[in-house]
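Dumped data.tsv below, it's TSV, C-alpha atoms and all ligand atoms:
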chain	number	residue	atom	x	y	z
A	776	MET	CA	-0.04	-11.46	-16.35
A	777	ALA	CA	1.59	-12.00	-12.95
A	778	ASP	CA	4.24	-9.67	-11.61
A	779	ASN	CA	7.76	-10.83	-12.29
A	780	ILE	CA	9.15	-10.49	-8.76
A	781	VAL	CA	12.75	-10.91	-7.65
A	782	PHE	CA	13.67	-10.97	-3.96
A	783	SER	CA	17.08	-9.45	-4.29
A	784	ILE	CA	20.13	-9.18	-2.12
A	785	ASP	CA	21.89	-7.07	-4.74
A	786	PRO	CA	19.39	-4.92	-6.65
A	787	SER	CA	21.99	-3.35	-8.93
A	788	SER	CA	23.18	-6.70	-10.26
A	789	ASP	CA	19.65	-8.09	-10.65
A	790	LEU	CA	18.72	-4.95	-12.52
A	791	LYS	CA	21.76	-5.23	-14.76
A	792	ILE	CA	21.00	-8.86	-15.63
A	793	PHE	CA	17.46	-7.95	-16.63
A	794	LEU	CA	18.43	-4.86	-18.63
A	795	ASP	CA	21.18	-6.78	-20.44
A	796	GLN	CA	18.62	-9.39	-21.51
A	797	ARG	CA	16.01	-6.89	-22.67
A	798	LYS	CA	18.24	-4.50	-24.60
A	799	TYR	CA	15.95	-1.48	-24.20
A	800	THR	CA	16.68	1.47	-26.47
A	801	LYS	CA	16.58	3.98	-23.58
A	802	VAL	CA	16.41	3.82	-19.81
A	803	ALA	CA	14.94	6.46	-17.51
A	804	VAL	CA	14.76	6.30	-13.72
A	805	LEU	CA	11.97	8.03	-11.80
A	806	THR	CA	12.78	9.03	-8.21
A	807	ASP	CA	11.70	11.51	-5.59
A	808	GLU	CA	14.28	13.57	-3.68
A	809	ASN	CA	14.53	11.00	-0.85
A	810	THR	CA	14.90	7.93	-3.02
A	811	LEU	CA	17.41	9.76	-5.22
A	812	LEU	CA	19.51	10.41	-2.13
A	813	HIS	CA	19.11	7.09	-0.31
A	814	CYS	CA	18.16	4.43	-2.86
A	815	TYR	CA	19.61	5.45	-6.21
A	816	PRO	CA	23.20	4.73	-5.02
A	817	LEU	CA	22.13	1.11	-4.44
A	818	ILE	CA	21.10	0.58	-8.08
A	819	GLN	CA	23.33	3.01	-9.96
A	820	LYS	CA	26.02	0.42	-10.69
A	821	GLY	CA	23.50	-1.74	-12.54
A	822	LEU	CA	22.67	0.99	-15.01
A	823	SER	CA	24.53	1.97	-18.13
A	824	GLN	CA	23.41	5.11	-19.95
A	825	HIS	CA	20.24	6.53	-18.39
A	826	LYS	CA	18.53	9.73	-17.33
A	827	VAL	CA	16.96	10.49	-13.95
A	828	ILE	CA	13.52	12.07	-13.72
A	829	GLN	CA	12.95	13.51	-10.27
A	830	VAL	CA	9.62	14.50	-8.77
A	831	LYS	CA	8.79	15.91	-5.34
A	832	SER	CA	7.86	13.40	-2.64
A	833	GLY	CA	4.45	13.17	-1.01
A	834	GLU	CA	0.88	12.07	-1.65
A	835	GLU	CA	-0.09	15.63	-2.66
A	836	GLN	CA	2.20	15.17	-5.69
A	837	LYS	CA	0.27	12.13	-6.90
A	838	THR	CA	-1.64	14.09	-9.52
A	839	ILE	CA	-2.14	14.39	-13.25
A	840	GLU	CA	-0.07	17.60	-13.12
A	841	THR	CA	2.95	15.62	-11.91
A	842	CYS	CA	2.22	13.00	-14.57
A	843	SER	CA	2.40	15.82	-17.14
A	844	GLN	CA	5.89	16.66	-15.90
A	845	ILE	CA	6.93	13.01	-16.11
A	846	TRP	CA	5.45	12.56	-19.61
A	847	GLN	CA	7.23	15.78	-20.65
A	848	ALA	CA	10.57	14.51	-19.32
A	849	MET	CA	10.03	11.17	-21.09
A	850	THR	CA	9.27	13.08	-24.28
A	851	ASP	CA	12.31	15.37	-23.86
A	852	GLN	CA	14.48	12.30	-23.51
A	853	ALA	CA	12.89	10.87	-26.65
A	854	LEU	CA	11.90	7.59	-24.99
A	855	ASP	CA	10.44	5.34	-27.68
A	856	ARG	CA	8.20	2.31	-27.32
A	857	HIS	CA	11.20	0.07	-26.66
A	858	SER	CA	12.39	2.14	-23.73
A	859	VAL	CA	11.88	1.37	-20.07
A	860	LEU	CA	10.99	3.47	-17.05
A	861	ILE	CA	12.48	2.30	-13.76
A	862	VAL	CA	10.44	3.55	-10.82
A	863	LEU	CA	12.49	3.82	-7.65
A	864	GLY	CA	10.38	4.82	-4.69
A	865	GLY	CA	7.44	4.17	-2.43
A	866	GLY	CA	3.81	3.76	-3.41
A	867	VAL	CA	3.46	7.34	-4.63
A	868	PRO	CA	6.12	7.21	-7.38
A	869	GLY	CA	5.19	3.53	-7.91
A	870	ASP	CA	1.50	4.13	-8.64
A	871	MET	CA	2.17	7.33	-10.59
A	872	GLY	CA	5.29	6.26	-12.49
A	873	GLY	CA	3.71	2.96	-13.46
A	874	PHE	CA	0.66	4.87	-14.70
A	875	CYS	CA	2.85	7.23	-16.74
A	876	ALA	CA	4.68	4.29	-18.33
A	877	ALA	CA	1.48	2.34	-18.97
A	878	THR	CA	-0.02	5.27	-20.87
A	879	TYR	CA	3.03	6.83	-22.57
A	880	LYS	CA	2.83	6.05	-26.30
A	881	ARG	CA	0.08	3.54	-25.38
A	882	GLY	CA	2.38	1.81	-22.93
A	883	ILE	CA	6.05	1.12	-22.44
A	884	ASP	CA	7.73	-1.34	-20.06
A	885	PHE	CA	8.35	-0.32	-16.48
A	886	ILE	CA	10.31	-1.81	-13.61
A	887	LEU	CA	9.20	-1.27	-10.03
A	888	ILE	CA	11.81	-1.00	-7.31
A	889	PRO	CA	9.72	-0.29	-4.21
A	890	THR	CA	11.65	1.33	-1.40
A	891	THR	CA	9.16	1.60	1.49
A	892	LEU	CA	7.79	-1.32	3.47
A	893	LEU	CA	4.27	-0.34	2.42
A	894	SER	CA	5.13	-0.41	-1.25
A	895	GLN	CA	7.09	-3.67	-0.93
A	896	VAL	CA	4.29	-5.60	0.76
A	897	ASP	CA	1.31	-3.95	-0.84
A	898	ALA	CA	1.44	-1.13	-3.42
A	899	SER	CA	3.88	-2.79	-5.83
A	900	ILE	CA	1.92	-6.04	-6.02
A	901	GLY	CA	-1.22	-6.49	-8.07
A	902	GLY	CA	-1.01	-4.10	-10.99
A	903	LYS	CA	-3.07	-1.17	-9.68
A	904	LEU	CA	-1.62	2.10	-10.99
A	905	GLY	CA	-2.88	5.64	-10.93
A	906	VAL	CA	-3.15	9.05	-9.37
A	907	ASP	CA	-5.49	11.05	-7.15
A	908	PHE	CA	-7.94	13.45	-8.75
A	909	ASN	CA	-9.18	16.50	-6.86
A	910	HIS	CA	-10.09	14.97	-3.49
A	911	PHE	CA	-10.59	11.45	-4.79
A	912	LYS	CA	-7.83	9.00	-4.02
A	913	ASN	CA	-6.62	6.75	-6.85
A	914	HIS	CA	-9.51	8.03	-8.96
A	915	ILE	CA	-7.73	7.85	-12.32
A	916	GLY	CA	-5.76	4.75	-13.20
A	917	VAL	CA	-5.28	1.47	-14.98
A	918	PHE	CA	-4.38	-2.13	-14.23
A	919	GLN	CA	-0.98	-2.97	-15.68
A	920	HIS	CA	1.85	-5.16	-14.42
A	921	PRO	CA	5.52	-4.22	-14.38
A	922	SER	CA	8.00	-6.20	-16.44
A	923	LEU	CA	10.03	-6.71	-13.29
A	924	THR	CA	9.70	-5.93	-9.57
A	925	ILE	CA	12.83	-5.93	-7.44
A	926	LEU	CA	12.28	-6.31	-3.70
A	927	HIS	CA	15.27	-5.51	-1.53
A	928	SER	CA	14.97	-5.13	2.24
A	929	GLY	CA	18.20	-3.05	2.35
A	930	PHE	CA	16.22	-0.02	1.15
A	931	LEU	CA	14.34	-0.04	4.46
A	932	LYS	CA	17.47	0.94	6.39
A	933	THR	CA	17.02	4.62	5.56
A	934	LEU	CA	13.25	4.67	5.96
A	935	SER	CA	11.96	6.53	9.03
A	936	LEU	CA	10.74	4.31	11.86
A	937	ARG	CA	7.31	5.88	11.52
A	938	GLU	CA	7.05	5.00	7.80
A	939	LEU	CA	8.30	1.50	8.57
A	940	ARG	CA	5.66	1.01	11.24
A	941	SER	CA	3.01	2.36	8.88
A	942	GLY	CA	3.88	-0.29	6.28
A	943	PHE	CA	3.79	-2.95	8.98
A	944	ALA	CA	0.03	-2.35	9.35
A	945	GLU	CA	-0.48	-3.94	5.91
A	946	ILE	CA	1.56	-6.96	7.05
A	947	ILE	CA	-0.65	-7.21	10.15
A	948	LYS	CA	-3.71	-7.00	7.90
A	949	HIS	CA	-2.43	-9.69	5.51
A	950	THR	CA	-1.66	-11.93	8.47
A	951	LEU	CA	-4.98	-11.44	10.23
A	952	ILE	CA	-6.94	-12.38	7.12
A	953	SER	CA	-4.83	-15.35	6.13
A	954	ASP	CA	-2.53	-16.95	8.67
A	955	ALA	CA	-3.23	-17.57	12.36
A	956	ALA	CA	0.17	-19.21	12.96
A	957	MET	CA	2.02	-16.20	11.54
A	958	TRP	CA	-0.09	-13.93	13.71
A	959	GLU	CA	1.07	-15.84	16.80
A	960	LYS	CA	4.66	-15.50	15.61
A	961	ILE	CA	4.37	-11.78	15.07
A	962	ARG	CA	2.61	-10.94	18.29
A	963	SER	CA	4.94	-13.02	20.43
A	964	ALA	CA	8.07	-11.48	18.89
A	965	ASP	CA	9.80	-8.31	19.96
A	966	TYR	CA	8.93	-5.65	17.35
A	967	SER	CA	12.53	-4.49	17.08
A	968	THR	CA	13.68	-7.99	16.08
A	969	LEU	CA	11.07	-8.63	13.38
A	970	ASP	CA	12.53	-10.09	10.20
A	971	TRP	CA	11.32	-7.71	7.48
A	972	GLN	CA	12.61	-9.87	4.67
A	973	MET	CA	10.70	-12.92	5.84
A	974	LEU	CA	7.55	-10.89	6.55
A	975	THR	CA	7.75	-9.18	3.17
A	976	LYS	CA	7.99	-12.54	1.38
A	977	HIS	CA	5.04	-13.86	3.35
A	978	SER	CA	2.88	-10.84	2.55
A	979	VAL	CA	3.89	-10.70	-1.10
A	980	ASN	CA	3.20	-14.40	-1.64
A	981	PHE	CA	-0.21	-14.03	-0.04
A	982	LYS	CA	-1.16	-10.89	-1.99
A	983	GLN	CA	0.04	-12.42	-5.25
A	984	LYS	CA	-2.07	-15.51	-4.68
A	985	ILE	CA	-5.18	-13.43	-4.02
A	986	VAL	CA	-4.53	-11.16	-7.00
A	987	SER	CA	-3.93	-14.05	-9.37
A	988	GLU	CA	-7.29	-15.57	-8.38
A	989	ASP	CA	-9.17	-12.27	-8.67
A	990	PRO	CA	-7.11	-9.72	-10.62
A	991	LYS	CA	-9.89	-7.12	-11.08
A	992	GLU	CA	-11.33	-7.28	-7.54
A	993	LYS	CA	-14.66	-8.86	-8.41
A	994	GLY	CA	-14.78	-10.86	-5.16
A	995	LEU	CA	-11.92	-12.48	-3.22
A	996	ARG	CA	-9.47	-9.58	-3.72
A	997	LYS	CA	-11.82	-7.43	-1.65
A	998	ILE	CA	-10.54	-9.11	1.53
A	999	LEU	CA	-7.39	-7.02	1.14
A	1000	ASN	CA	-9.54	-4.09	2.24
A	1001	ALA	CA	-9.76	-5.35	5.83
A	1002	GLY	CA	-9.39	-2.45	8.23
A	1003	HIS	CA	-9.72	-0.02	5.35
A	1004	THR	CA	-13.44	0.88	5.47
A	1005	ILE	CA	-13.31	2.61	8.86
A	1006	GLY	CA	-9.50	3.10	8.70
A	1007	HIS	CA	-9.61	4.97	5.44
A	1008	ALA	CA	-12.52	7.13	6.67
A	1009	ILE	CA	-10.48	8.02	9.78
A	1010	GLU	CA	-7.46	8.82	7.58
A	1011	THR	CA	-9.50	11.11	5.32
A	1012	TYR	CA	-11.23	12.81	8.25
A	1013	LEU	CA	-7.93	13.57	9.95
A	1014	LEU	CA	-6.32	14.72	6.71
A	1015	ASP	CA	-9.21	17.10	6.02
A	1016	SER	CA	-9.03	18.48	9.55
A	1017	GLY	CA	-5.30	19.18	9.18
A	1018	ASN	CA	-4.29	16.33	11.47
A	1019	LYS	CA	-2.47	14.06	9.05
A	1020	VAL	CA	-1.73	10.50	10.17
A	1021	LEU	CA	0.13	7.96	8.06
A	1022	HIS	CA	-1.98	5.49	6.11
A	1023	GLY	CA	-0.91	2.47	8.18
A	1024	GLU	CA	-1.60	4.28	11.44
A	1025	ALA	CA	-5.20	4.84	10.36
A	1026	ILE	CA	-5.49	1.26	9.12
A	1027	ALA	CA	-4.29	0.01	12.50
A	1028	ALA	CA	-7.17	1.94	14.12
A	1029	GLY	CA	-9.49	0.55	11.43
A	1030	LEU	CA	-8.45	-3.01	12.26
A	1031	ILE	CA	-9.46	-2.46	15.88
A	1032	ALA	CA	-12.74	-0.72	14.97
A	1033	GLU	CA	-13.76	-3.32	12.38
A	1034	GLY	CA	-12.59	-6.10	14.73
A	1035	PHE	CA	-14.98	-4.68	17.32
A	1036	THR	CA	-17.84	-4.85	14.81
A	1037	ALA	CA	-16.93	-8.43	13.92
A	1038	ARG	CA	-16.98	-9.33	17.60
A	1039	GLU	CA	-20.28	-7.54	18.13
A	1040	LYS	CA	-21.80	-9.49	15.23
A	1041	GLY	CA	-20.60	-12.73	16.81
A	1042	LEU	CA	-18.14	-13.47	13.97
A	1043	LEU	CA	-14.93	-12.98	15.96
A	1044	ARG	CA	-14.34	-14.52	19.37
A	1045	ALA	CA	-13.62	-12.17	22.26
A	1046	ASP	CA	-10.16	-13.64	22.98
A	1047	ALA	CA	-9.14	-13.26	19.31
A	1048	PHE	CA	-10.38	-9.67	19.26
A	1049	ASP	CA	-8.55	-8.88	22.50
A	1050	SER	CA	-5.29	-10.19	21.03
A	1051	ILE	CA	-5.69	-7.85	18.03
A	1052	CYS	CA	-6.63	-4.90	20.20
A	1053	GLN	CA	-3.75	-5.32	22.62
A	1054	TYR	CA	-1.11	-5.85	19.97
A	1055	VAL	CA	-2.20	-3.01	17.72
A	1056	LEU	CA	-2.40	-0.61	20.66
A	1057	LYS	CA	1.04	-1.69	21.86
A	1058	ILE	CA	2.61	-0.94	18.48
A	1059	TYR	CA	0.60	2.10	17.34
A	1060	GLY	CA	-0.88	3.64	20.47
A	1061	LYS	CA	-4.18	5.39	20.01
A	1062	ILE	CA	-5.12	8.06	17.52
A	1063	ASP	CA	-7.04	10.97	18.98
A	1064	ILE	CA	-10.47	11.04	17.32
A	1065	ASP	CA	-12.84	13.68	18.56
A	1066	GLN	CA	-16.36	12.52	19.42
A	1067	ASN	CA	-17.78	15.19	17.11
A	1068	ALA	CA	-16.02	13.44	14.25
A	1069	ASP	CA	-18.29	10.40	14.27
A	1070	GLU	CA	-20.95	11.76	11.89
A	1071	THR	CA	-18.29	12.81	9.38
A	1072	ILE	CA	-16.47	9.49	9.63
A	1073	VAL	CA	-19.75	7.61	9.07
A	1074	ALA	CA	-20.48	9.84	6.07
A	1075	LEU	CA	-17.02	9.00	4.72
A	1076	THR	CA	-17.56	5.24	5.16
A	1077	LEU	CA	-20.78	5.68	3.17
A	1078	GLN	CA	-18.73	7.09	0.28
A	1079	ASP	CA	-16.32	4.15	0.24
A	1080	LYS	CA	-15.60	2.80	-3.25
A	1081	LYS	CA	-16.39	-0.76	-2.13
A	1082	ASN	CA	-20.00	0.02	-1.17
A	1083	LEU	CA	-23.05	-0.95	-3.12
A	1084	GLY	CA	-25.77	1.70	-3.25
A	1085	ASN	CA	-25.97	3.29	0.18
A	1086	LYS	CA	-24.95	0.20	2.13
A	1087	ILE	CA	-21.59	0.21	3.91
A	1088	LEU	CA	-19.81	-2.97	2.86
A	1089	CYS	CA	-16.87	-4.06	4.92
A	1090	VAL	CA	-14.43	-6.95	5.38
A	1091	LEU	CA	-14.93	-8.67	8.72
A	1092	LEU	CA	-12.78	-11.29	10.40
A	1093	GLU	CA	-14.46	-14.61	11.14
A	1094	GLY	CA	-11.53	-15.60	13.30
A	1095	ILE	CA	-7.80	-14.98	13.11
A	1096	GLY	CA	-6.69	-16.02	9.63
A	1097	LYS	CA	-10.11	-15.91	8.02
A	1098	ALA	CA	-12.14	-13.03	6.62
A	1099	ARG	CA	-15.43	-12.44	4.83
A	1100	TRP	CA	-15.98	-9.58	2.39
A	1101	ASP	CA	-19.13	-7.62	1.43
A	1102	CYS	CA	-20.42	-7.65	5.02
A	1103	GLU	CA	-22.99	-4.95	5.53
A	1104	ILE	CA	-22.47	-2.78	8.58
A	1105	SER	CA	-24.78	0.01	9.76
A	1106	SER	CA	-23.96	3.61	10.58
A	1107	ASP	CA	-24.72	2.82	14.23
A	1108	GLU	CA	-22.25	-0.05	14.19
A	1109	VAL	CA	-19.56	2.28	12.86
A	1110	LYS	CA	-20.37	4.79	15.63
A	1111	ARG	CA	-20.24	2.09	18.33
A	1112	ALA	CA	-16.88	0.89	16.96
A	1113	LEU	CA	-15.51	4.44	17.08
A	1114	SER	CA	-16.82	4.92	20.58
A	1115	PHE	CA	-15.18	1.64	21.66
A	1116	TYR	CA	-11.90	2.74	20.08
A	1117	ARG	CA	-12.11	6.06	21.92
A	1118	SER	CA	-12.70	4.25	25.23
A	1119	LEU	CA	-9.43	2.30	24.96
A	1120	CYS	CA	-6.48	3.35	26.99
B	1	LIG	N1	-1.29	0.18	-6.05
B	1	LIG	C1	-1.72	-0.39	-4.93
B	1	LIG	O1	-2.23	-1.50	-4.93
B	1	LIG	C2	-1.53	0.35	-3.64
B	1	LIG	C3	-1.71	-0.32	-2.44
B	1	LIG	C4	-1.48	0.38	-1.26
B	1	LIG	C5	-1.08	1.71	-1.30
B	1	LIG	N2	-0.92	2.33	-2.50
B	1	LIG	C6	-0.48	3.74	-2.58
B	1	LIG	O2	0.80	3.86	-2.00
B	1	LIG	C7	0.98	5.22	-1.59
B	1	LIG	C8	1.70	5.23	-0.26
B	1	LIG	O3	2.93	4.60	-0.40
B	1	LIG	P1	4.18	4.93	0.55
B	1	LIG	O4	3.75	4.88	1.96
B	1	LIG	O5	5.29	4.08	0.07
B	1	LIG	O6	4.42	6.51	0.24
B	1	LIG	P2	5.57	7.36	-0.43
B	1	LIG	O7	5.96	6.89	-1.74
B	1	LIG	O8	5.08	8.77	-0.31
B	1	LIG	O9	6.81	7.18	0.60
B	1	LIG	C9	6.76	7.69	1.90
B	1	LIG	C10	7.97	8.61	2.20
B	1	LIG	O10	9.14	7.82	2.31
B	1	LIG	C11	10.18	8.34	1.48
B	1	LIG	N3	11.02	7.21	1.09
B	1	LIG	C12	10.71	6.22	0.24
B	1	LIG	N4	11.64	5.27	0.28
B	1	LIG	C13	12.57	5.67	1.17
B	1	LIG	C14	13.77	5.09	1.66
B	1	LIG	N5	14.15	3.85	1.29
B	1	LIG	N6	14.50	5.78	2.56
B	1	LIG	C15	14.07	7.00	2.99
B	1	LIG	N7	12.95	7.59	2.59
B	1	LIG	C16	12.19	6.91	1.69
B	1	LIG	C17	9.45	9.02	0.37
B	1	LIG	O11	10.25	9.99	-0.27
B	1	LIG	C18	8.26	9.63	1.10
B	1	LIG	O12	8.64	10.83	1.72
B	1	LIG	C19	-0.39	5.85	-1.56
B	1	LIG	O13	-0.50	6.78	-2.62
B	1	LIG	C20	-1.34	4.68	-1.79
B	1	LIG	O14	-2.50	5.05	-2.50
B	1	LIG	C21	-1.13	1.67	-3.66
B	2	ZN	ZN	-3.70	0.16	2.78
Output the file's structure in the form of structure tokens.
Amino acid sequence: MADNIVFSIDPSSDLKIFLDQRKYTKVAVLTDENTLLHCYPLIQKGLSQHKVIQVKSGEEQKTIETCSQIWQAMTDQALDRHSVLIVLGGGVPGDMGGFCAATYKRGIDFILIPTTLLSQVDASIGGKLGVDFNHFKNHIGVFQHPSLTILHSGFLKTLSLRELRSGFAEIIKHTLISDAAMWEKIRSADYSTLDWQMLTKHSVNFKQKIVSEDPKEKGLRKILNAGHTIGHAIETYLLDSGNKVLHGEAIAAGLIAEGFTAREKGLLRADAFDSICQYVLKIYGKIDIDQNADETIVALTLQDKKNLGNKILCVLLEGIGKARWDCEISSDEVKRALSFYRSLC
């Protein structure tokens, strides 16, 4: 089932229209403290009787323990199978709240109202729900689609500039793997004048198309992991060494590192690679990655979920707008890419 997505200029009225049609027995709204403060006022008018369930913000809260609290609150409020859970927040409440709804009493309806750029262009599309388990990210979860997704760029006004820029990395990724003309548009524009609504629509349409062709990530959907093999390893390494970077910041570094490998393998032309390198550095600067980190980062790429056996499988660009998945890269190639990244100024 595809996501039912509304690009909304007035989320409270779009929510009201939907809720009036569905006639749910009970309505609960899941927020974190930031989305309760900044985003809830933008939907409150569209809600009649409802209860708010609030959890703490942050990836470290994306656990089964927090799910227990949410399931308990849903139980306390006596939500039945004809109730709905509205999830108002970024990818953390989105993945976790959707998972709680999809499993509560074997599944009740949920509505996603993503409030970060990252969740609007990526996390809320495609039906992947779940939580982290011990040190494993998104280890426990299900595929399930929301009954409705409301996308409203007005929520981004209160998002920190750093979170906004982090979400933008997924837009860059979507563009690099699918649309050379859009890439030219983005890189020739002034960052501060970028039209988030237009870019969100572009990314969402692209991700939806990919997901509808390959919902369970058997092949094509893997291209959405561009920049994520090395990027995610860098993110995990820095997190474990107490040097947390935002997801998109690590993915930006991953796009450069994997771009380097694609160029080295003769898949990506030098001028195309240079354009990626220059733009990503201009927007994100460079992350400090110690040379001693290389072995650990390689070991982390070897653990990547997308691998087969002990081969590192990666998405590589074959040009701007075109990508190939399941490309094998060696440990030495990862090290050379990291060393190139480190040499940039
Ligand atoms: N399901 C998927 O396909 C998919 C895809 C990509 C990422 N993800 C998941 O998404 C998560 C990251 O998402 P995220 O970056 O949105 O994180 P997040 O939900 O933690 O939000 C980031 C921060 O922004 C705050 N916030 C949210 N909306 C705000 C607003 N409008 N104004 C002010 N503050 C606001 C939050 O409280 C939080 O502190 C990760 O757990 C990742 O695994 C899932
Ligand atoms: Zn990502």
Quiz item: If we count only C-alpha atoms, what is near A:Glu988 at a cut-off of 12 Å, once residues fewer than 5 positions away on the same chain are taken out, given as a PyMOL selection string?
Solution: chain A and resi 776-777+901+981-983+993-997
With C-alpha atoms retained, export the selected residues as a PDB file, in the coordinates of the input.
ATOM      1  CA  MET A 776      -0.040 -11.460 -16.350  1.00  0.00           C
ATOM      2  CA  ALA A 777       1.590 -12.000 -12.950  1.00  0.00           C
ATOM      3  CA  GLY A 901      -1.220  -6.490  -8.070  1.00  0.00           C
ATOM      4  CA  PHE A 981      -0.210 -14.030  -0.040  1.00  0.00           C
ATOM      5  CA  LYS A 982      -1.160 -10.890  -1.990  1.00  0.00           C
ATOM      6  CA  GLN A 983       0.040 -12.420  -5.250  1.00  0.00           C
ATOM      7  CA  LYS A 993     -14.660  -8.860  -8.410  1.00  0.00           C
ATOM      8  CA  GLY A 994     -14.780 -10.860  -5.160  1.00  0.00           C
ATOM      9  CA  LEU A 995     -11.920 -12.480  -3.220  1.00  0.00           C
ATOM     10  CA  ARG A 996      -9.470  -9.580  -3.720  1.00  0.00           C
ATOM     11  CA  LYS A 997     -11.820  -7.430  -1.650  1.00  0.00           C
TER      12      LYS A 997
END
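Of the listed residues (A:Pro868, A:Pro889, A:Gly1034, A:Gly929), A:Pro868 comes nearest to A:Ile828; the distances count only C-alpha atoms.
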Exercise. Excluding stretch 918-920 of chain A and residues on its chain fewer than 3 positions from it, collect all residues at most 10 Å away from it, counting all atoms listed in the file, and give them as a count of residues only.
Key: 25
Quiz item: Can you tell me, as number ranges by chain, what residues are no more than 7 Å from A:Thr1004 when counting all atoms listed in the file, ignoring any on the same chain fewer than 2 positions away?
Solution: A: 1002, 1006-1008, 1076, 1079, 1089
Quiz prompt | Environment of ligand ZN 2 (chain B) within 10 Å, counting only C-alpha atoms and all ligand atoms, reported as a PyMOL selection string | solution = chain A and resi 893-894+897-898+941-942+944-946+948+999-1003+1006-1007+1022-1027
How big is the axis-aligned box around all listed atoms of ligand LIG 1 (chain B) once 3 Å goes on each side, and where's its centre, in Å to one decimal, as lines of an AutoDock Vina configuration file?
center_x = 6.0
center_y = 4.7
center_z = -1.5
size_x = 23.0
size_y = 18.3
size_z = 15.0
Self-check item: Between atom C3 of ligand LIG 1 (chain B) and atom CA of A:Ala1028, distance in Å (one decimal)
Solution: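 Atom-to-atom, atom C3 of ligand LIG 1 (chain B) to atom CA of A:Ala1028, that is 17.6 Å.
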